[in-house]
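Coordinates from start-v1.csv are shown below (CSV, C-alpha atoms (C1' of nucleotides)).
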```csv
chain,number,residue,atom,x,y,z
J,246,MET,CA,228.1,26.2,-211.5
J,247,ILE,CA,229.3,24.8,-214.8
J,248,ARG,CA,232.7,23.2,-214.2
J,249,ASP,CA,233.4,21.5,-217.6
J,250,ALA,CA,231.0,22.5,-220.4
J,251,ARG,CA,232.4,19.8,-222.7
J,252,VAL,CA,230.9,17.1,-220.6
J,253,LEU,CA,227.5,18.6,-221.1
J,254,GLN,CA,227.7,18.3,-224.8
J,255,SER,CA,225.9,15.2,-226.0
J,256,GLN,CA,228.6,14.3,-228.4
J,257,PHE,CA,231.1,14.1,-225.6
J,258,VAL,CA,232.6,10.6,-225.3
J,259,PRO,CA,233.0,9.7,-221.6
J,260,ASP,CA,236.0,7.7,-220.3
J,261,ASP,CA,233.7,5.0,-219.2
J,262,VAL,CA,230.3,4.1,-220.5
J,263,GLU,CA,227.3,3.2,-218.5
J,264,HIS,CA,225.2,0.1,-219.1
J,265,ARG,CA,226.3,-0.7,-222.6
J,266,ASN,CA,229.0,-3.4,-222.0
J,267,ALA,CA,227.3,-6.0,-224.1
J,268,GLU,CA,227.3,-3.7,-227.1
J,269,VAL,CA,230.8,-2.6,-226.5
J,270,ASN,CA,232.0,-6.2,-226.4
J,271,ALA,CA,230.1,-7.1,-229.5
J,272,LEU,CA,231.6,-4.2,-231.4
J,273,SER,CA,235.1,-4.9,-230.1
J,274,ASN,CA,234.9,-8.4,-231.4
J,275,THR,CA,234.2,-7.2,-234.9
J,276,LEU,CA,237.3,-5.1,-234.7
J,277,LYS,CA,239.6,-7.7,-233.2
J,278,PRO,CA,241.2,-8.8,-236.5
J,279,ILE,CA,242.8,-5.3,-236.6
J,280,MET,CA,245.1,-6.3,-233.8
J,281,ASP,CA,246.6,-8.8,-236.2
J,282,GLY,CA,246.8,-6.4,-239.0
J,283,HIS,CA,243.6,-7.5,-240.8
J,284,SER,CA,240.6,-5.4,-241.4
J,285,GLY,CA,237.6,-5.7,-239.0
J,286,GLU,CA,234.3,-7.2,-239.9
J,287,PRO,CA,231.8,-4.6,-241.0
J,288,SER,CA,229.1,-3.9,-238.4
J,289,LEU,CA,225.8,-2.3,-238.3
J,290,LEU,CA,224.6,-0.4,-235.2
J,291,LEU,CA,220.8,0.0,-235.1
J,292,GLY,CA,218.5,1.8,-232.7
J,293,PRO,CA,216.5,5.0,-232.0
J,294,THR,CA,218.2,8.3,-231.6
J,295,GLY,CA,219.8,9.0,-228.2
J,296,ALA,CA,220.3,5.3,-227.5
J,297,GLY,CA,224.1,5.6,-227.5
J,298,LYS,CA,225.0,4.2,-230.9
J,299,THR,CA,227.4,7.0,-231.8
J,300,CYS,CA,228.8,7.3,-228.3
J,301,ILE,CA,229.5,3.5,-228.1
J,302,ALA,CA,231.1,3.5,-231.6
J,303,ARG,CA,233.4,6.3,-230.7
J,304,PHE,CA,234.2,4.9,-227.3
J,305,THR,CA,235.0,1.5,-228.7
J,306,VAL,CA,237.2,2.8,-231.4
J,307,GLU,CA,239.0,5.1,-228.9
J,308,ARG,CA,239.7,2.1,-226.7
J,309,LEU,CA,241.0,0.2,-229.7
J,310,ARG,CA,243.4,3.0,-230.3
J,311,GLU,CA,244.8,2.5,-226.9
J,312,ASN,CA,245.6,-1.1,-227.7
J,313,VAL,CA,246.8,-0.9,-231.2
J,314,LEU,CA,249.9,1.2,-231.9
J,315,ASP,CA,249.3,2.2,-235.5
J,316,ILE,CA,245.7,2.8,-236.5
J,317,LYS,CA,243.8,5.5,-238.3
J,318,THR,CA,240.2,6.4,-237.5
J,319,GLN,CA,237.6,8.7,-239.0
J,320,TYR,CA,234.2,9.6,-237.9
J,321,VAL,CA,231.9,10.7,-240.7
J,322,ASN,CA,228.4,12.0,-240.1
J,323,CYS,CA,226.6,11.2,-243.4
J,324,TRP,CA,223.9,13.7,-242.4
J,325,GLN,CA,226.5,16.4,-243.2
J,326,ASP,CA,228.7,14.6,-245.6
J,327,TYR,CA,226.1,12.9,-247.7
J,328,THR,CA,227.7,12.8,-251.1
J,329,ARG,CA,230.1,10.1,-252.3
J,330,PHE,CA,232.7,12.8,-252.8
J,331,LYS,CA,232.6,14.1,-249.3
J,332,VAL,CA,232.7,10.6,-247.7
J,333,LEU,CA,235.7,9.6,-249.7
J,334,TYR,CA,237.3,12.9,-249.0
J,335,ARG,CA,236.9,12.5,-245.3
J,336,ILE,CA,238.5,9.1,-245.4
J,337,LEU,CA,241.4,10.4,-247.4
J,338,GLU,CA,241.7,13.1,-244.7
J,339,ALA,CA,242.1,10.3,-242.1
J,340,ILE,CA,244.8,8.6,-244.1
J,341,ASP,CA,246.6,11.8,-245.2
J,342,ARG,CA,246.1,11.4,-248.9
J,343,THR,CA,244.2,14.6,-249.6
J,344,VAL,CA,246.9,16.6,-251.2
J,345,ASP,CA,246.0,18.1,-254.6
J,346,ILE,CA,242.4,17.1,-254.5
J,347,HIS,CA,239.9,19.6,-255.9
J,348,ARG,CA,236.4,19.0,-256.9
J,349,ARG,CA,236.8,20.2,-260.5
J,350,SER,CA,240.2,19.2,-261.5
J,351,THR,CA,240.2,15.8,-259.9
J,352,PRO,CA,238.5,13.0,-262.0
J,353,LYS,CA,235.7,11.4,-260.1
J,354,ASP,CA,237.3,8.1,-259.4
J,355,GLU,CA,240.6,9.5,-258.4
J,356,LEU,CA,239.4,9.6,-254.9
J,357,LEU,CA,238.4,6.0,-254.8
J,358,ASP,CA,241.7,5.0,-256.5
J,359,ARG,CA,243.6,6.8,-253.8
J,360,VAL,CA,241.6,5.0,-251.0
J,361,ARG,CA,242.2,1.7,-252.8
J,362,ALA,CA,245.9,2.4,-253.2
J,363,TYR,CA,246.2,3.1,-249.5
J,364,ASP,CA,248.6,0.6,-247.9
J,365,GLY,CA,249.2,2.2,-244.5
J,366,PRO,CA,247.9,1.1,-241.1
J,367,GLN,CA,244.4,-0.2,-240.7
J,368,CYS,CA,241.7,2.5,-240.8
J,369,VAL,CA,238.4,2.3,-239.0
J,370,VAL,CA,235.6,4.5,-240.4
J,371,ILE,CA,232.5,5.2,-238.5
J,372,LEU,CA,229.7,6.1,-240.9
J,373,ASP,CA,227.0,7.7,-238.8
J,374,GLU,CA,223.4,8.2,-240.1
J,375,VAL,CA,224.3,6.1,-243.2
J,376,ASP,CA,220.7,6.0,-244.2
J,377,GLN,CA,221.1,9.7,-245.0
J,378,LEU,CA,223.6,8.9,-247.7
J,379,GLN,CA,222.5,10.1,-251.1
J,380,GLU,CA,224.9,8.0,-253.1
J,381,ASN,CA,225.1,4.6,-251.4
J,382,ARG,CA,227.5,3.5,-254.0
J,383,VAL,CA,230.2,4.6,-251.7
J,384,LEU,CA,229.4,1.7,-249.4
J,385,TYR,CA,230.0,-0.6,-252.2
J,386,ASP,CA,233.3,1.1,-253.0
J,387,LEU,CA,234.5,0.7,-249.4
J,388,TYR,CA,233.2,-2.7,-248.8
J,389,GLN,CA,235.9,-5.2,-248.3
J,390,LEU,CA,238.8,-2.9,-248.9
J,391,PRO,CA,241.7,-4.7,-247.1
J,392,ARG,CA,242.7,-1.7,-244.9
J,393,ILE,CA,239.3,-0.2,-244.2
J,394,SER,CA,236.9,-1.3,-241.5
J,395,MET,CA,233.4,0.1,-241.5
J,396,ILE,CA,231.1,0.7,-238.6
J,397,LEU,CA,227.7,1.7,-240.0
J,398,ILE,CA,225.1,3.5,-237.8
J,399,ALA,CA,221.4,3.8,-238.7
J,400,ASN,CA,218.1,4.2,-237.0
J,401,ARG,CA,216.1,1.4,-238.6
J,402,GLU,CA,217.4,-1.4,-240.7
J,403,ARG,CA,214.7,-0.9,-243.4
J,404,ASP,CA,215.5,2.7,-243.9
J,405,LEU,CA,219.0,1.6,-244.8
J,406,PHE,CA,218.2,-1.4,-246.9
J,407,SER,CA,215.5,0.4,-248.9
J,408,LEU,CA,218.3,2.6,-250.4
J,409,LEU,CA,220.6,-0.2,-251.3
J,410,ASP,CA,220.6,-2.3,-254.4
J,411,ASP,CA,220.5,-6.1,-254.3
J,412,ARG,CA,224.1,-6.9,-254.3
J,413,LEU,CA,224.9,-4.5,-251.5
J,414,THR,CA,221.9,-5.7,-249.5
J,415,SER,CA,223.0,-9.3,-249.7
J,416,ARG,CA,226.5,-8.4,-248.7
J,417,LEU,CA,225.5,-6.3,-245.7
J,418,GLN,CA,222.8,-8.7,-244.7
J,419,THR,CA,225.5,-10.9,-243.3
J,420,CYS,CA,227.3,-8.2,-241.3
J,421,VAL,CA,227.2,-8.1,-237.6
J,422,ARG,CA,224.2,-6.3,-236.2
J,423,ILE,CA,224.2,-4.7,-232.8
J,424,SER,CA,220.8,-3.4,-231.6
J,425,PHE,CA,220.4,-0.6,-229.2
J,426,GLU,CA,217.2,0.0,-227.2
J,427,LYS,CA,216.1,3.2,-225.6
J,428,TYR,CA,217.6,3.7,-222.2
J,429,PRO,CA,215.4,2.8,-219.3
J,430,LEU,CA,214.8,5.5,-216.7
J,431,ASP,CA,217.3,4.3,-214.2
J,432,GLU,CA,220.1,4.1,-216.7
J,433,LEU,CA,219.4,7.5,-218.0
J,434,VAL,CA,219.5,8.9,-214.5
J,435,ALA,CA,222.9,7.2,-214.0
J,436,ILE,CA,224.2,8.7,-217.2
J,437,LEU,CA,223.0,12.2,-216.1
J,438,LYS,CA,224.5,11.7,-212.7
J,439,ALA,CA,227.9,11.0,-214.2
J,440,ARG,CA,227.7,14.0,-216.5
J,441,ALA,CA,226.6,16.2,-213.6
J,442,HIS,CA,229.4,14.9,-211.5
J,443,TRP,CA,232.1,15.8,-214.0
J,444,GLY,CA,230.5,18.8,-215.6
J,445,LEU,CA,228.8,20.7,-212.7
J,446,SER,CA,229.9,21.8,-209.3
J,447,GLU,CA,229.1,19.7,-206.3
J,448,ASP,CA,225.4,19.3,-205.3
J,449,ALA,CA,224.3,21.4,-208.2
J,450,ILE,CA,221.5,19.1,-208.9
J,451,GLY,CA,219.6,16.5,-206.9
J,452,THR,CA,218.4,13.0,-207.8
J,453,ASN,CA,214.8,14.2,-208.0
J,454,GLU,CA,215.6,16.7,-210.6
J,455,LEU,CA,217.7,14.2,-212.6
J,456,GLU,CA,214.8,11.8,-212.6
J,457,LEU,CA,212.6,14.5,-213.8
J,458,ILE,CA,214.9,15.2,-216.7
J,459,ALA,CA,215.3,11.5,-217.5
J,460,ASP,CA,211.5,11.2,-217.6
J,461,ALA,CA,211.1,14.1,-219.9
J,462,ALA,CA,213.7,12.7,-222.2
J,463,ALA,CA,211.8,9.5,-222.7
J,464,GLY,CA,214.8,7.2,-223.2
J,465,ASP,CA,216.8,9.6,-225.4
J,466,ALA,CA,220.1,10.4,-223.9
J,467,ARG,CA,220.8,13.2,-226.3
J,468,ILE,CA,217.7,15.0,-225.2
J,469,ALA,CA,218.4,14.3,-221.6
J,470,ILE,CA,221.8,15.8,-221.8
J,471,SER,CA,220.5,18.7,-223.7
J,472,ILE,CA,217.9,19.5,-221.0
J,473,LEU,CA,220.6,19.2,-218.3
J,474,ARG,CA,222.8,21.6,-220.2
J,475,ASN,CA,220.0,24.1,-220.7
J,476,ALA,CA,219.0,23.9,-217.0
J,477,ALA,CA,222.6,24.6,-216.0
J,478,ARG,CA,222.7,27.5,-218.3
J,479,LEU,CA,219.5,28.9,-217.0
J,480,ALA,CA,220.7,28.5,-213.4
J,481,ASP,CA,223.9,30.3,-214.3
J,482,GLN,CA,222.0,33.2,-215.8
J,483,CYS,CA,219.9,33.8,-212.7
J,484,GLY,CA,223.0,33.4,-210.5
J,485,SER,CA,221.8,30.3,-208.8
J,486,ASP,CA,224.2,27.6,-207.7
J,487,ARG,CA,221.6,24.9,-207.7
J,488,ILE,CA,219.3,23.6,-210.4
J,489,SER,CA,215.8,23.6,-209.0
J,490,THR,CA,212.8,21.6,-210.1
J,491,ASP,CA,211.3,24.7,-211.6
J,492,LEU,CA,214.4,25.3,-213.7
J,493,VAL,CA,214.2,21.8,-215.0
J,494,HIS,CA,210.6,22.4,-216.1
J,495,ASP,CA,211.7,25.6,-217.9
J,496,ALA,CA,214.6,23.7,-219.6
J,497,VAL,CA,212.6,20.8,-221.0
J,498,PRO,CA,211.0,22.4,-224.0
J,499,GLU,CA,214.2,24.1,-225.1
J,500,GLY,CA,216.1,20.9,-224.7
J,501,ARG,CA,213.6,19.0,-226.8
J,502,ASP,CA,213.4,21.4,-229.6
J,503,GLU,CA,217.0,22.4,-229.6
J,504,VAL,CA,218.1,20.1,-232.4
J,505,ARG,CA,215.2,21.0,-234.7
J,506,GLN,CA,215.4,24.7,-233.9
J,507,LYS,CA,219.1,24.7,-234.8
J,508,THR,CA,218.4,23.3,-238.2
J,509,ILE,CA,215.5,25.7,-238.8
J,510,ASP,CA,217.7,28.6,-238.0
J,511,GLN,CA,220.2,27.4,-240.6
J,512,LEU,CA,217.6,27.8,-243.4
J,513,THR,CA,218.0,30.6,-245.9
J,514,PRO,CA,215.0,33.1,-246.1
J,515,HIS,CA,213.8,31.3,-249.2
J,516,GLN,CA,214.0,27.9,-247.6
J,517,ARG,CA,212.3,29.3,-244.5
J,518,THR,CA,209.5,30.7,-246.6
J,519,LEU,CA,208.8,27.2,-248.1
J,520,TYR,CA,208.9,25.7,-244.7
J,521,ASP,CA,206.4,28.3,-243.3
J,522,ILE,CA,204.1,27.8,-246.3
J,523,LEU,CA,204.0,24.0,-245.6
J,524,ASN,CA,203.4,24.6,-241.9
J,525,ASP,CA,200.5,26.9,-242.7
J,526,GLU,CA,198.9,25.0,-245.5
J,527,GLY,CA,199.6,21.5,-244.6
J,528,GLU,CA,200.1,19.0,-247.4
J,529,LEU,CA,200.8,20.5,-250.9
J,530,GLU,CA,201.8,19.4,-254.3
J,531,MET,CA,204.6,21.1,-256.2
J,532,GLY,CA,202.2,23.3,-258.3
J,533,PRO,CA,200.3,25.0,-255.5
J,534,LEU,CA,203.4,25.1,-253.3
J,535,TYR,CA,205.4,26.9,-255.9
J,536,ASP,CA,202.6,29.3,-256.6
J,537,ALA,CA,202.4,30.2,-252.9
J,538,TYR,CA,206.1,30.6,-252.9
J,539,LEU,CA,206.0,33.0,-255.9
J,540,ASP,CA,203.4,35.1,-254.0
J,541,ALA,CA,205.5,35.2,-250.9
J,542,VAL,CA,209.0,36.3,-252.2
J,543,ASP,CA,210.4,39.1,-254.3
J,544,ALA,CA,213.0,37.4,-256.4
J,545,PRO,CA,211.9,33.8,-256.7
J,546,LYS,CA,214.3,31.0,-257.4
J,547,THR,CA,213.6,28.5,-260.1
J,548,ARG,CA,211.5,25.4,-259.7
J,549,ARG,CA,214.7,23.3,-259.9
J,550,THR,CA,216.3,25.2,-257.1
J,551,VAL,CA,213.1,24.9,-255.0
J,552,ARG,CA,213.2,21.2,-255.6
J,553,ASN,CA,216.8,21.2,-254.2
J,554,TYR,CA,215.7,23.2,-251.2
J,555,LEU,CA,212.8,20.8,-250.5
J,556,SER,CA,215.0,17.7,-250.8
J,557,LYS,CA,217.5,19.3,-248.5
J,558,MET,CA,214.8,20.0,-245.9
J,559,GLU,CA,213.5,16.5,-246.2
J,560,HIS,CA,217.0,15.4,-245.7
J,561,TYR,CA,217.2,17.4,-242.5
J,562,ARG,CA,213.8,15.9,-241.5
J,563,LEU,CA,212.1,19.2,-241.3
J,564,ILE,CA,209.5,18.2,-243.9
J,565,HIS,CA,208.1,15.0,-245.3
J,566,ALA,CA,207.6,14.0,-249.0
J,567,ASP,CA,205.3,11.2,-250.1
J,568,GLY,CA,205.0,9.7,-253.5
J,569,GLN,CA,207.1,10.2,-256.6
J,570,ASN,CA,207.2,12.3,-259.7
J,571,ARG,CA,203.9,14.0,-260.3
J,572,ALA,CA,202.2,12.3,-257.4
J,573,ARG,CA,204.6,13.8,-254.8
J,574,THR,CA,203.2,15.9,-252.0
J,575,TYR,CA,205.1,17.8,-249.3
J,576,ARG,CA,203.9,18.2,-245.8
J,577,PRO,CA,205.4,19.5,-242.5
J,578,ARG,CA,206.6,17.0,-240.0
N,230,DC,C1',198.1,4.5,-275.3
N,231,DA,C1',199.6,9.4,-275.8
N,232,DT,C1',200.5,13.2,-273.2
N,233,DC,C1',201.8,15.6,-269.2
N,234,DC,C1',204.9,17.1,-265.8
N,235,DA,C1',207.7,16.7,-261.5
N,236,DC,C1',211.9,14.4,-260.1
N,237,DG,C1',216.7,14.5,-259.8
N,238,DG,C1',221.5,13.8,-261.9
N,239,DG,C1',224.9,16.2,-264.3
N,240,DA,C1',227.0,20.1,-266.7
N,241,DA,C1',227.3,25.0,-267.2
N,242,DT,C1',227.3,29.4,-265.2
N,243,DC,C1',227.5,32.8,-261.7
N,244,DA,C1',229.2,35.2,-257.6
N,245,DG,C1',232.2,35.7,-253.8
N,246,DC,C1',236.8,35.0,-251.8
N,247,DG,C1',241.6,34.6,-251.0
N,248,DG,C1',246.0,34.5,-253.0
N,249,DT,C1',249.4,36.6,-255.9
N,250,DA,C1',252.0,38.5,-259.9
N,251,DG,C1',252.9,42.8,-261.7
P,188,DC,C1',247.2,48.6,-254.9
P,189,DT,C1',245.0,46.4,-258.6
P,190,DA,C1',244.0,43.0,-262.0
P,191,DC,C1',243.8,38.4,-262.5
P,192,DC,C1',243.5,33.6,-261.4
P,193,DG,C1',241.7,29.4,-259.3
P,194,DC,C1',238.5,27.5,-256.2
P,195,DT,C1',234.0,26.7,-254.1
P,196,DG,C1',229.2,26.7,-253.2
P,197,DA,C1',224.9,28.2,-255.1
P,198,DT,C1',222.0,28.4,-258.9
P,199,DT,C1',220.3,27.4,-263.3
P,200,DC,C1',219.9,24.9,-267.6
P,201,DC,C1',219.2,20.6,-269.8
P,202,DC,C1',217.2,16.3,-270.1
P,203,DG,C1',216.0,11.2,-269.4
P,204,DT,C1',212.8,8.7,-266.5
P,205,DG,C1',208.5,7.2,-265.1
P,206,DG,C1',204.1,7.6,-262.6
P,207,DA,C1',199.7,10.1,-263.4
P,208,DT,C1',196.0,11.5,-266.3
P,209,DG,C1',192.5,11.2,-269.6
```

Structure re-expressed in structure tokens:
Amino acid sequence: MIRDARVLQSQFVPDDVEHRNAEVNALSNTLKPIMDGHSGEPSLLLGPTGAGKTCIARFTVERLRENVLDIKTQYVNCWQDYTRFKVLYRILEAIDRTVDIHRRSTPKDELLDRVRAYDGPQCVVILDEVDQLQENRVLYDLYQLPRISMILIANRERDLFSLLDDRLTSRLQTCVRISFEKYPLDELVAILKARAHWGLSEDAIGTNELELIADAAAGDARIAISILRNAARLADQCGSDRISTDLVHDAVPEGRDEVRQKTIDQLTPHQRTLYDILNDEGELEMGPLYDAYLDAVDAPKTRRTVRNYLSKMEHYRLIHADGQNRARTYRPR
DNA sequence: CATCCACGGGAATCAGCGGTAG
DNA sequence: CTACCGCTGATTCCCGTGGATG
């Protein structure tokens, strides 16, 4: 039933993209100077999750590679690599300048110096989920380096700009913005059809079922593909060579929760305890939350460590924090 | 206004791991 | 094989900051 599982991964970049030509062209234009050996204009891709921002960025960069002989590219997901160190390190990876770099022994600005000193071919860096960056200074560091082109990806413009200081805001204010909307139903169906065509055996799923998936995904291609993948897996398990309507229904909840569940599963027992407390109690301040935590575990970590956990879980969008300093409260999402 | 106290950055410390000299 | 070294990620210690509280 499953012919090519890679195609059913949402991060798979297809050879051809459906319905996003305007966005591809706009992004290509910002990168055009690279063909003449200059750096591209910085661009900012905005839109809800699953609207194709990451996919289009990778696709466009990939196409650029086909046209430019010598070019370096790097994709950085700031959700995972959210410190300045990691972002710079990933860029050095792309331009082969990582030798001898160690967190302790390397002075902080050694990394930036190396990126600055780089004089090889143009390098395109995709910074996905930039609003998750903890140290936005790195954007300032990278801005207008002659051999680095940046493609920034974020959900909402104000999430991004709220983190930035004035000088960076005014600089990025002028960069090219490309907005992505949620996929309408028919486009989502077309995307699913293409994935099913390449990833599944012939006639494994009908148009009705694809529409059902697209509808449940509510414009989010990532969820849609996740549901399709789950449905295919379920069909495989029960030895069926066709994905029925019932199977789709079964696959919807899993597909929707998959991303969240994956991050919850990654939590350590202590983190999980905090997460459960918030889910049971609702909104809490640090005091009561820490008390509940003390009651719930054997060898409690310190308050400072708990703060680290909480900020990490907020980072992963598992919980929500409002207010600052003493007024801060935590609540489940 | 004085005091309180959580926040979060940074340095120090700890614990586990892999490599290696003896 | 063992002792030791260097590295890393996790945790803790320290502390300046700033809103809340009375």

Using all atoms listed in the file, what does the table of chain P residues within 10 Å of chain J look like, with each row giving the shortest atom pair and its distance in Å to one decimal, sorted by chain and ascending number, as JSON lines?
```
{"residue": "P:DC194", "atom": "C1'", "partner": "J:His347", "partner_atom": "CA", "distance": 8.0}
{"residue": "P:DT195", "atom": "C1'", "partner": "J:Arg348", "partner_atom": "CA", "distance": 8.5}
{"residue": "P:DA197", "atom": "C1'", "partner": "J:Thr550", "partner_atom": "CA", "distance": 9.3}
{"residue": "P:DT198", "atom": "C1'", "partner": "J:Thr550", "partner_atom": "CA", "distance": 6.8}
{"residue": "P:DT199", "atom": "C1'", "partner": "J:Thr547", "partner_atom": "CA", "distance": 7.5}
{"residue": "P:DC200", "atom": "C1'", "partner": "J:Arg549", "partner_atom": "CA", "distance": 9.4}
{"residue": "P:DT204", "atom": "C1'", "partner": "J:Asn570", "partner_atom": "CA", "distance": 9.5}
{"residue": "P:DG205", "atom": "C1'", "partner": "J:Asn570", "partner_atom": "CA", "distance": 7.5}
{"residue": "P:DG206", "atom": "C1'", "partner": "J:Asn570", "partner_atom": "CA", "distance": 6.3}
{"residue": "P:DA207", "atom": "C1'", "partner": "J:Arg571", "partner_atom": "CA", "distance": 6.5}
```

Edge lengths and centre in Å to one decimal, as AutoDock Vina command-line options, is what I'm after for the box along x, y and z that holds all listed atoms of segment 231-249 of chain N once 5 Å is added on each side.
```
--center_x 224.5 --center_y 23.0 --center_z -263.4 --size_x 59.8 --size_y 37.2 --size_z 34.8
```

Please compute the atom CA of Gln377 of chain J-atom CA of Leu405 of chain J distance, one decimal, in Å.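 One can read the atom CA of Gln377 of chain J to atom CA of Leu405 of chain J distance as 8.4 Å.
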
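Across J:Lys317, J:Arg392, J:Arg335, J:Arg517, the tightest approach to Leu372 of chain J is made by J:Arg335 when counting all atoms listed in the file.
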
Skipping near chain neighbours, those fewer than 3 positions away, what residues fall within 6 Å of Gly444 of chain J using only C-alpha atoms (C1' of nucleotides), listed as a PyMOL selection string? chain J and resi 248-249+252+440-441

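Shortest separation to chain J among N:DA244, N:DC236, N:DA231, N:DA250 occurs at residue N:DC236, atoms counted being all atoms listed in the file.
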
Determine which residues of chain N sit within 10 Å of chain J, taking into account all atoms listed in the file, and present them as a list in words. DC233, DC234, DA235, DC236 and DG237 of chain N

Extract, using all atoms listed in the file, all DNA, RNA and protein residues at most 7 Å from segment 463-477 of chain J, discarding same-chain residues fewer than 6 positions from it, and format them as a PDB file with C-alpha atoms, in the coordinates of the input.
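Writing done, so here's out_3.pdb:
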```pdb
ATOM      1  CA  ILE J 247     229.300  24.800-214.800  1.00  0.00           C
ATOM      2  CA  LEU J 253     227.500  18.600-221.100  1.00  0.00           C
ATOM      3  CA  SER J 255     225.900  15.200-226.000  1.00  0.00           C
ATOM      4  CA  THR J 294     218.200   8.300-231.600  1.00  0.00           C
ATOM      5  CA  GLY J 295     219.800   9.000-228.200  1.00  0.00           C
ATOM      6  CA  ALA J 296     220.300   5.300-227.500  1.00  0.00           C
ATOM      7  CA  LYS J 427     216.100   3.200-225.600  1.00  0.00           C
ATOM      8  CA  TYR J 428     217.600   3.700-222.200  1.00  0.00           C
ATOM      9  CA  PRO J 429     215.400   2.800-219.300  1.00  0.00           C
ATOM     10  CA  LEU J 430     214.800   5.500-216.700  1.00  0.00           C
ATOM     11  CA  LEU J 433     219.400   7.500-218.000  1.00  0.00           C
ATOM     12  CA  LEU J 437     223.000  12.200-216.100  1.00  0.00           C
ATOM     13  CA  ILE J 488     219.300  23.600-210.400  1.00  0.00           C
ATOM     14  CA  LEU J 492     214.400  25.300-213.700  1.00  0.00           C
ATOM     15  CA  VAL J 493     214.200  21.800-215.000  1.00  0.00           C
ATOM     16  CA  ALA J 496     214.600  23.700-219.600  1.00  0.00           C
ATOM     17  CA  VAL J 497     212.600  20.800-221.000  1.00  0.00           C
ATOM     18  CA  GLY J 500     216.100  20.900-224.700  1.00  0.00           C
ATOM     19  CA  ARG J 501     213.600  19.000-226.800  1.00  0.00           C
TER      20      ARG J 501
END
```

Can you complete the atoms of segment 252-256 of chain J to all heavy atoms and list them as a compact mmCIF listing (two decimals), in the frame of the given file?
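And here's rebuild_13.txt as it stands now:
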```
# COMPACT_ATOMS: atom_id res chain seq x y z
N VAL J 252 231.63 18.26 -221.04
CA VAL J 252 230.90 17.10 -220.60
C VAL J 252 229.44 17.17 -220.81
O VAL J 252 228.74 16.17 -220.93
CB VAL J 252 231.22 16.87 -219.06
CG1 VAL J 252 230.52 15.64 -218.53
CG2 VAL J 252 232.72 16.75 -218.83
N LEU J 253 228.94 18.40 -220.91
CA LEU J 253 227.50 18.60 -221.10
C LEU J 253 227.09 18.63 -222.55
O LEU J 253 225.93 18.83 -222.86
CB LEU J 253 227.07 19.90 -220.39
CG LEU J 253 227.36 19.95 -218.90
CD1 LEU J 253 226.94 21.29 -218.32
CD2 LEU J 253 226.67 18.82 -218.17
N GLN J 254 228.06 18.44 -223.44
CA GLN J 254 227.70 18.30 -224.80
C GLN J 254 227.32 16.83 -225.07
O GLN J 254 227.97 15.94 -224.56
CB GLN J 254 228.92 18.60 -225.75
CG GLN J 254 229.55 19.94 -225.49
CD GLN J 254 228.72 21.07 -226.05
OE1 GLN J 254 228.09 20.90 -227.09
NE2 GLN J 254 228.69 22.19 -225.37
N SER J 255 226.27 16.61 -225.87
CA SER J 255 225.90 15.20 -226.00
C SER J 255 226.86 14.41 -226.82
O SER J 255 226.93 13.20 -226.71
CB SER J 255 224.47 15.13 -226.63
OG SER J 255 224.42 15.89 -227.80
N GLN J 256 227.69 15.09 -227.63
CA GLN J 256 228.60 14.30 -228.40
C GLN J 256 229.92 13.98 -227.64
O GLN J 256 230.80 13.33 -228.17
CB GLN J 256 229.01 15.03 -229.72
CG GLN J 256 229.75 16.33 -229.58
CD GLN J 256 228.79 17.52 -229.49
OE1 GLN J 256 227.66 17.37 -229.06
NE2 GLN J 256 229.26 18.67 -229.90
```
